[in-house]
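K.L.:
File name my_file.cif; file contents mmCIF, C-alpha atoms; full text below.
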```
data_upload
loop_
_atom_site.label_atom_id
_atom_site.label_comp_id
_atom_site.auth_asym_id
_atom_site.auth_seq_id
_atom_site.Cartn_x
_atom_site.Cartn_y
_atom_site.Cartn_z
CA MET A 7 0.00 0.00 0.00
CA ALA A 8 1.33 3.44 -0.91
CA LYS A 9 2.38 5.63 2.00
CA THR A 10 0.10 8.59 2.73
CA LEU A 11 1.91 11.86 2.13
CA ARG A 12 2.03 14.03 5.25
CA ILE A 13 1.88 17.72 4.38
CA ILE A 14 2.21 20.58 6.84
CA VAL A 15 0.95 24.02 5.84
CA ALA A 16 2.65 26.73 7.86
CA CYS A 17 1.99 30.38 8.60
CA GLY A 18 3.15 32.62 11.43
CA SER A 19 0.30 32.12 13.88
CA GLY A 20 -1.13 28.80 12.70
CA VAL A 21 -4.70 30.04 13.16
CA ALA A 22 -5.44 32.10 10.05
CA THR A 23 -3.98 31.79 6.54
CA SER A 24 -2.51 28.30 7.04
CA ASN A 25 -5.98 26.93 7.84
CA VAL A 26 -7.52 28.49 4.72
CA ALA A 27 -4.61 27.16 2.64
CA ALA A 28 -4.78 23.68 4.19
CA GLU A 29 -8.49 23.42 3.44
CA LYS A 30 -7.96 24.57 -0.14
CA LEU A 31 -5.10 22.10 -0.53
CA LYS A 32 -7.28 19.21 0.65
CA GLY A 33 -9.91 20.24 -1.91
CA ALA A 34 -7.39 20.60 -4.74
CA LEU A 35 -5.84 17.21 -3.98
CA SER A 36 -9.26 15.64 -3.76
CA ASP A 37 -10.19 17.12 -7.17
CA ARG A 38 -7.21 15.20 -8.59
CA GLY A 39 -8.30 12.04 -6.83
CA LEU A 40 -5.41 12.28 -4.37
CA TYR A 41 -5.38 11.93 -0.63
CA ALA A 42 -2.82 13.30 1.79
CA GLU A 43 -2.74 14.07 5.48
CA VAL A 44 -2.77 17.89 5.57
CA ARG A 45 -2.27 19.88 8.77
CA ALA A 46 -2.02 23.61 9.46
CA VAL A 47 0.80 24.51 11.84
CA ASP A 48 2.45 27.63 13.23
CA MET A 49 6.05 28.68 12.78
CA LYS A 50 6.91 28.06 16.42
CA SER A 51 6.15 24.35 16.08
CA LEU A 52 7.54 24.04 12.56
CA GLU A 53 10.75 22.24 13.43
CA SER A 54 9.04 19.56 15.52
CA GLU A 55 6.17 19.18 13.04
CA ALA A 56 8.63 18.88 10.14
CA ARG A 57 10.21 15.81 11.77
CA VAL A 58 7.01 13.86 11.16
CA ALA A 59 6.03 15.40 7.82
CA ASP A 60 7.06 14.77 4.23
CA VAL A 61 6.44 18.21 2.69
CA LEU A 62 6.20 21.78 3.94
CA VAL A 63 3.85 24.17 2.17
CA SER A 64 4.63 27.64 3.48
CA ILE A 65 2.46 30.73 3.28
CA THR A 66 5.24 32.99 4.55
CA PRO A 67 8.68 32.94 2.95
CA TYR A 68 10.41 30.16 4.80
CA ALA A 69 11.17 28.10 1.69
CA THR A 70 14.88 28.74 2.06
CA ARG A 71 14.83 26.82 5.32
CA ASP A 72 14.07 23.51 3.62
CA GLN A 73 17.63 22.19 4.03
CA GLU A 74 17.49 23.00 7.72
CA LEU A 75 14.15 21.20 7.99
CA LYS A 76 15.27 18.26 5.83
CA ILE A 77 11.96 18.18 3.95
CA PRO A 78 11.06 19.90 0.68
CA ALA A 79 9.43 23.31 1.08
CA LEU A 80 6.90 24.60 -1.43
CA ASN A 81 5.41 28.05 -1.85
CA GLY A 82 1.80 27.92 -0.64
CA ILE A 83 0.77 31.41 -1.73
CA PRO A 84 -1.16 30.03 -4.77
CA LEU A 85 -3.56 28.44 -2.29
CA LEU A 86 -4.53 31.91 -1.08
CA THR A 87 -4.51 33.77 -4.38
CA GLY A 88 -5.92 30.93 -6.49
CA VAL A 89 -3.24 31.54 -9.13
CA GLY A 90 -0.94 28.57 -9.76
CA ILE A 91 -2.68 25.95 -7.63
CA SER A 92 -2.45 23.36 -10.39
CA ALA A 93 1.34 23.80 -10.64
CA LEU A 94 1.63 23.46 -6.87
CA ILE A 95 -0.35 20.21 -6.93
CA ASP A 96 1.93 18.97 -9.74
CA GLN A 97 4.91 19.61 -7.45
CA ILE A 98 3.25 17.71 -4.63
CA VAL A 99 2.37 14.82 -6.92
CA ALA A 100 6.00 14.66 -8.02
CA LEU A 101 7.04 14.29 -4.38
CA SER A 102 4.51 11.56 -3.56
CA MET B 18 -23.30 17.30 23.86
CA ALA B 19 -26.76 18.19 22.48
CA LEU B 20 -26.69 20.25 19.30
CA SER B 21 -28.73 23.14 20.75
CA GLN B 22 -26.39 23.29 23.76
CA THR B 23 -23.28 23.35 21.57
CA THR B 24 -24.76 26.02 19.31
CA THR B 25 -25.56 28.16 22.34
CA GLN B 26 -22.03 27.69 23.70
CA LEU B 27 -20.57 28.58 20.33
CA GLU B 28 -22.83 31.62 20.04
CA THR B 29 -21.55 32.82 23.42
CA LEU B 30 -17.96 32.21 22.32
CA ALA B 31 -18.52 34.01 19.00
CA ALA B 32 -19.98 36.99 20.89
CA ARG B 33 -16.98 37.05 23.25
CA ILE B 34 -14.43 36.89 20.41
CA THR B 35 -16.40 39.35 18.26
CA PRO B 36 -18.22 41.66 20.68
CA PRO B 37 -20.89 43.93 19.13
CA ALA B 38 -18.44 46.83 18.74
CA LEU B 39 -16.21 44.66 16.52
CA PHE B 40 -18.98 43.67 14.13
CA MET B 41 -19.29 46.34 11.45
CA PRO B 42 -21.79 45.26 8.79
CA ASN B 43 -21.70 48.43 6.70
CA MET B 44 -18.33 50.13 6.78
CA THR B 45 -18.02 53.27 4.71
CA ASN B 46 -15.46 55.31 6.62
CA VAL B 47 -12.31 53.60 5.34
CA THR B 48 -11.12 53.24 1.78
CA THR B 49 -7.57 51.93 2.13
CA LYS B 50 -5.90 49.12 4.01
CA VAL B 51 -3.84 51.52 6.10
CA ASN B 52 -6.99 53.48 7.07
CA LEU B 53 -8.63 50.22 8.03
CA PHE B 54 -5.70 49.06 10.16
CA GLN B 55 -5.59 52.41 11.96
CA PHE B 56 -9.34 52.39 12.52
CA VAL B 57 -9.42 48.85 13.87
CA SER B 58 -6.31 49.31 16.04
CA ASN B 59 -7.96 52.34 17.67
CA LEU B 60 -11.26 50.47 18.01
CA LEU B 61 -9.58 47.53 19.75
CA TYR B 62 -7.73 49.93 22.04
CA THR B 63 -10.84 51.90 23.00
CA ASN B 64 -12.64 48.62 23.73
CA GLY B 65 -9.92 47.54 26.15
CA LEU B 66 -8.60 44.73 23.98
CA LEU B 67 -5.15 46.25 23.41
CA ILE B 68 -2.74 48.16 25.58
CA LYS B 69 -1.21 50.11 22.69
CA SER B 70 -2.83 50.72 19.31
CA SER B 71 0.40 51.74 17.54
CA ALA B 72 2.11 48.47 18.52
CA PHE B 73 -0.78 46.48 17.07
CA MET B 74 -0.81 48.57 13.91
CA ASN B 75 2.92 47.76 13.49
CA ALA B 76 2.23 44.04 14.03
CA LEU B 77 -0.44 44.12 11.30
CA VAL B 78 1.90 45.87 8.85
CA GLU B 79 4.80 43.49 9.62
CA ARG B 80 2.59 40.47 8.99
CA GLU B 81 1.43 41.93 5.67
CA GLU B 82 5.08 42.20 4.60
CA MET B 83 5.70 38.51 5.37
CA GLY B 84 3.07 37.09 3.02
CA PRO B 85 -0.38 37.74 1.60
CA THR B 86 -3.45 37.78 3.78
CA LEU B 87 -5.58 38.47 0.73
CA LEU B 88 -7.90 35.62 -0.22
CA GLN B 89 -10.15 35.11 -3.21
CA ASP B 90 -13.79 36.23 -3.38
CA GLY B 91 -13.17 39.73 -2.02
CA MET B 92 -11.85 38.60 1.33
CA ALA B 93 -8.82 39.43 3.44
CA ILE B 94 -7.74 38.06 6.80
CA PRO B 95 -5.09 40.41 8.16
CA HIS B 96 -3.82 39.56 11.61
CA GLY B 97 -1.45 40.93 14.16
CA GLN B 98 0.22 38.93 16.90
CA ASP B 99 1.76 41.05 19.61
CA ALA B 100 2.22 41.34 23.36
CA CYS B 101 0.00 44.44 23.31
CA VAL B 102 -3.06 42.21 22.68
CA LEU B 103 -4.90 41.59 25.95
CA GLN B 104 -7.52 39.20 24.61
CA PRO B 105 -7.82 37.34 21.29
CA SER B 106 -10.51 38.86 19.13
CA LEU B 107 -11.92 38.90 15.63
CA CYS B 108 -13.05 42.11 14.00
CA VAL B 109 -15.59 41.68 11.20
CA CYS B 110 -15.61 44.52 8.65
CA LEU B 111 -18.11 44.32 5.81
CA PHE B 112 -18.24 46.86 3.01
CA GLU B 113 -21.04 47.67 0.59
CA THR B 114 -18.46 49.08 -1.80
CA ALA B 115 -15.27 47.10 -2.26
CA PHE B 116 -11.96 48.91 -1.83
CA LEU B 117 -8.54 48.17 -3.26
CA TYR B 118 -6.56 46.08 -0.78
CA GLU B 119 -2.92 46.56 -1.65
CA THR B 120 -0.21 44.16 -0.52
CA PRO B 121 3.46 43.69 -1.45
CA PHE B 122 2.37 40.54 -3.33
CA SER B 123 -0.85 41.42 -5.13
CA ASN B 124 -3.79 43.80 -5.04
CA ALA B 125 -7.48 43.05 -5.20
CA LEU B 126 -10.86 44.54 -4.45
CA VAL B 127 -12.08 43.49 -1.02
CA ASN B 128 -15.47 43.79 0.63
CA LYS B 129 -15.03 41.42 3.59
CA VAL B 130 -12.20 41.79 6.08
CA PHE B 131 -11.80 39.47 9.05
CA LEU B 132 -9.08 40.91 11.23
CA PHE B 133 -7.61 38.75 13.99
CA SER B 134 -5.85 40.19 17.01
CA LEU B 135 -3.69 37.57 18.65
CA PRO B 136 -1.57 37.54 21.78
CA PRO B 137 1.91 36.03 21.28
CA THR B 138 1.05 32.87 23.18
CA MET B 139 -2.09 31.40 21.66
CA GLU B 140 -1.27 28.18 23.58
CA TYR B 141 -2.78 29.90 26.63
CA HIS B 142 -6.00 30.48 24.69
CA PRO B 143 -6.74 27.03 23.22
CA VAL B 144 -10.49 27.54 22.79
CA GLU B 145 -10.02 30.84 21.01
CA ALA B 146 -7.22 29.34 18.87
CA ASN B 147 -9.48 26.45 17.88
CA TYR B 148 -12.32 28.87 17.10
CA PHE B 149 -10.02 30.92 14.85
CA LYS B 150 -8.85 27.75 13.06
CA ALA B 151 -12.43 26.59 12.50
CA PHE B 152 -13.50 30.06 11.35
CA SER B 153 -10.56 30.32 8.91
CA THR B 154 -11.12 26.81 7.57
CA ASN B 155 -14.75 27.67 6.82
CA LEU B 156 -13.79 30.74 4.81
CA VAL B 157 -13.44 28.43 1.79
CA ASN B 158 -17.15 27.67 2.22
CA LYS B 159 -19.03 30.24 0.14
CA SER B 160 -22.33 29.79 1.97
CA PHE B 161 -20.52 30.60 5.23
CA THR B 162 -18.99 33.83 3.93
CA GLN B 163 -22.16 34.89 2.12
CA GLY B 164 -24.12 34.26 5.31
CA ILE B 165 -21.75 36.53 7.21
CA HIS B 166 -22.01 39.22 4.55
CA THR B 167 -25.78 39.19 4.69
CA SER B 168 -25.93 39.18 8.50
CA MET B 169 -27.95 42.23 9.42
CA ASP B 170 -26.71 42.51 12.97
CA HIS B 171 -24.30 41.11 15.55
CA ARG B 172 -26.75 38.54 16.85
CA GLU B 173 -27.38 37.17 13.38
CA PHE B 174 -23.62 36.97 12.75
CA CYS B 175 -23.06 35.01 15.98
CA ARG B 176 -25.96 32.68 15.22
CA HIS B 177 -24.84 32.02 11.65
CA THR B 178 -21.22 31.46 12.71
CA SER B 179 -22.12 29.12 15.55
CA GLN B 180 -24.44 27.07 13.34
CA THR B 181 -21.72 26.64 10.72
CA LEU B 182 -18.99 25.81 13.21
CA SER B 183 -21.16 23.48 15.29
CA GLY B 184 -20.08 20.48 13.20
CA GLY B 185 -16.56 20.84 14.58
CA VAL B 186 -17.55 21.82 18.10
CA ASN B 187 -15.61 19.01 19.74
CA GLN B 188 -12.40 20.29 18.19
CA ILE B 189 -13.13 23.77 19.49
CA PHE B 190 -14.01 23.00 23.11
CA LEU B 191 -12.49 19.66 23.88
CA SER B 192 -9.09 19.42 22.25
#
```
Please go through the file and, once you have read it, give me the structure as C-alpha cells.
P.N.:
Amino acid sequence: MAKTLRIIVACGSGVATSNVAAEKLKGALSDRGLYAEVRAVDMKSLESEARVADVLVSITPYATRDQELKIPALNGIPLLTGVGISALIDQIVALS
Amino acid sequence: MALSQTTTQLETLAARITPPALFMPNMTNVTTKVNLFQFVSNLLYTNGLLIKSSAFMNALVEREEMGPTLLQDGMAIPHGQDACVLQPSLCVCLFETAFLYETPFSNALVNKVFLFSLPPTMEYHPVEANYFKAFSTNLVNKSFTQGIHTSMDHREFCRHTSQTLSGGVNQIFLS
C-alpha cells in the first residue's frame, strides 16, 4: 500500500492563513483524486512538526529553510490567491 | 453534547471573540488598508482589547510584509500577533463598496475583512485558537462567507457562525 503523504501548511500564527490554505489544498488534492494528510501549523512548532512530515507548504517565505528542515518546502501562496494551484499540486504529486 | 447546547455555547464564544463593537456590517469610513488598520487598532484599544494601538498597527503591517493575507472572493484576513493584545478577538468589517486592498504581493478589491488580534502565546488560549482555526477553515465555504455578509446585525452573525462551526464543536471545546 502506498504511503500517505504528510503535508504541513505553515503560517506565522497557525490560526489564520494556514488553515484556509490547508483546506484549499485538501480540496485541490481531492479534485485530482489524491489523498494526503494535511495539517495547518504555526512557525513556532515548525521544526518539531517537520520531523514527522514529508512536505512543507509555506504561506510565509520560509522556503529557504528547507535544508534546515530536511523536507522539501513549497510556496503555498497560490492556495490563497488561487493563481498557480495546479502547478503546486503537480509539485506535490511529483514528491509523492 | 446536544446540538442546541453546543450552538448556544458557540454563540456565546462568538460573541466574546467578536463583541458587538467589533462587528461592522456596513463600513463606509475607510477606503484603504492603512486606514482600516488604523481604525481597527484604535477600536480595539478603546474597547480595552489592546494596551497600545500603535504596537498592534505595526504588528499588522509586519505580517502583511511577510506574506499575503488576501484571499479570493473579495476577502482578506489580516492579523497581528503582539504582546500588546490583551484578549484574542476577531473584527468583522463588511463593506457595501469594495476597496482596493494593496499588498506587497498582489492587489485586489475586497469587501469582507476578518481581522484577527492575537496575543503572542495562543497556547494559553486554546479555545479561542481552535475557534479561529475553524472560522478560517470555513472561509473556503461560500455559503458561510455569504451568510456573514448578509448578517444584518451582531446577533445574526453570531448565530450564523455558531451554526456553521457546530459540526466541529468538539475540536473547538475539547481538544
K.L.:
In Å, how far is it from CA of Asn81 in chain A to CA of Glu43 in chain A?
P.N.:
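CA of Glu43 in chain A lies 17.8 Å from CA of Asn81 in chain A.
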K.L.:
In the coordinate frame of the file, compute which residues have an atom within 10 Å of (-3.9, 33.6, 8.0) when using only C-alpha atoms, and state them as a PyMOL selection string.
P.N.:
(chain A and resi 16-27+65-66+86) or (chain B and resi 80+84-88+93-97+131-133+149-150+153-154)
K.L.:
Can you turn the PyMOL selection byres ((chain B and resi 157) around 12) into a concrete residue list for this file, as an NGL selection string?
P.N.:
(:A and (23 or 25-34 or 85-86 or 88)) or (:B and (88-92 or 151-156 or 158-163))
K.L.:
Once the PyMOL selection byres ((chain A and resi 63) around 12) is applied to the coordinates I shared, what remains selected? I want it as a PyMOL selection string.
P.N.:
chain A and resi 12-17+23-25+27-28+31+44-49+52+56+59-62+64-72+77-86+91+94-95+97-98
K.L.:
With the PyMOL selection byres ((chain B and resi 61) around 12) as the selection, what would be picked from this file? Answer as a ChimeraX atom specification, please.
P.N.:
/B:34-40,54-60,62-74,97,101-109,132-135
K.L.:
Write to file, as a compact mmCIF listing (two decimals), in the frame of the given file, the residues of the selection just made, with C-alpha atoms.
P.N.:
```txt
# COMPACT_ATOMS: atom_id res chain seq x y z
CA ILE B 34 -14.43 36.89 20.41
CA THR B 35 -16.40 39.35 18.26
CA PRO B 36 -18.22 41.66 20.68
CA PRO B 37 -20.89 43.93 19.13
CA ALA B 38 -18.44 46.83 18.74
CA LEU B 39 -16.21 44.66 16.52
CA PHE B 40 -18.98 43.67 14.13
CA PHE B 54 -5.70 49.06 10.16
CA GLN B 55 -5.59 52.41 11.96
CA PHE B 56 -9.34 52.39 12.52
CA VAL B 57 -9.42 48.85 13.87
CA SER B 58 -6.31 49.31 16.04
CA ASN B 59 -7.96 52.34 17.67
CA LEU B 60 -11.26 50.47 18.01
CA TYR B 62 -7.73 49.93 22.04
CA THR B 63 -10.84 51.90 23.00
CA ASN B 64 -12.64 48.62 23.73
CA GLY B 65 -9.92 47.54 26.15
CA LEU B 66 -8.60 44.73 23.98
CA LEU B 67 -5.15 46.25 23.41
CA ILE B 68 -2.74 48.16 25.58
CA LYS B 69 -1.21 50.11 22.69
CA SER B 70 -2.83 50.72 19.31
CA SER B 71 0.40 51.74 17.54
CA ALA B 72 2.11 48.47 18.52
CA PHE B 73 -0.78 46.48 17.07
CA MET B 74 -0.81 48.57 13.91
CA GLY B 97 -1.45 40.93 14.16
CA CYS B 101 0.00 44.44 23.31
CA VAL B 102 -3.06 42.21 22.68
CA LEU B 103 -4.90 41.59 25.95
CA GLN B 104 -7.52 39.20 24.61
CA PRO B 105 -7.82 37.34 21.29
CA SER B 106 -10.51 38.86 19.13
CA LEU B 107 -11.92 38.90 15.63
CA CYS B 108 -13.05 42.11 14.00
CA VAL B 109 -15.59 41.68 11.20
CA LEU B 132 -9.08 40.91 11.23
CA PHE B 133 -7.61 38.75 13.99
CA SER B 134 -5.85 40.19 17.01
CA LEU B 135 -3.69 37.57 18.65
```
K.L.:
Pick from B:Leu27, B:Leu117, B:Met41, B:Met139: nearest to chain A, with all atoms listed in the file counted?
P.N.:
B:Met139
K.L.:
Compare B:Asn128, B:Gln98, B:Thr29, B:Asn187 by their minimum atom-to-atom distance to Lys50 in chain B, counting all atoms listed in the file, and give me the closest one.
P.N.:
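When distances to Lys50 in chain B are compared using all atoms listed in the file, the smallest one comes from B:Asn128.
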K.L.:
Counting all atoms listed in the file, which residue out of B:Thr45, B:Thr25, B:Asn124, B:Asn52 sits closest to chain A?
P.N.:
B:Asn124
K.L.:
When distances are computed from only C-alpha atoms, which of A:Lys50, A:Arg38, A:Lys76, A:Arg57 shows the smallest separation from chain B?
P.N.:
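Checking each candidate against chain B, we get A:Lys50 as the closest.
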K.L.:
So, with all atoms listed in the file as the atoms that count, which of A:Leu40, A:Val99, A:Ser51, A:Glu74 lies closest to chain B?
P.N.:
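Using all atoms listed in the file, the shortest distance to chain B belongs to A:Ser51.
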K.L.:
If you measure from CA of Ala115 in chain B to CA of Ser168 in chain B, what distance in Å do you get, rounded to one decimal?
P.N.:
17.1 Å
K.L.:
Can you work out the spacing between CA of His177 in chain B and CA of Glu140 in chain B in Å, to one decimal?
P.N.:
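For CA of His177 in chain B relative to CA of Glu140 in chain B, the distance reads 26.7 Å.
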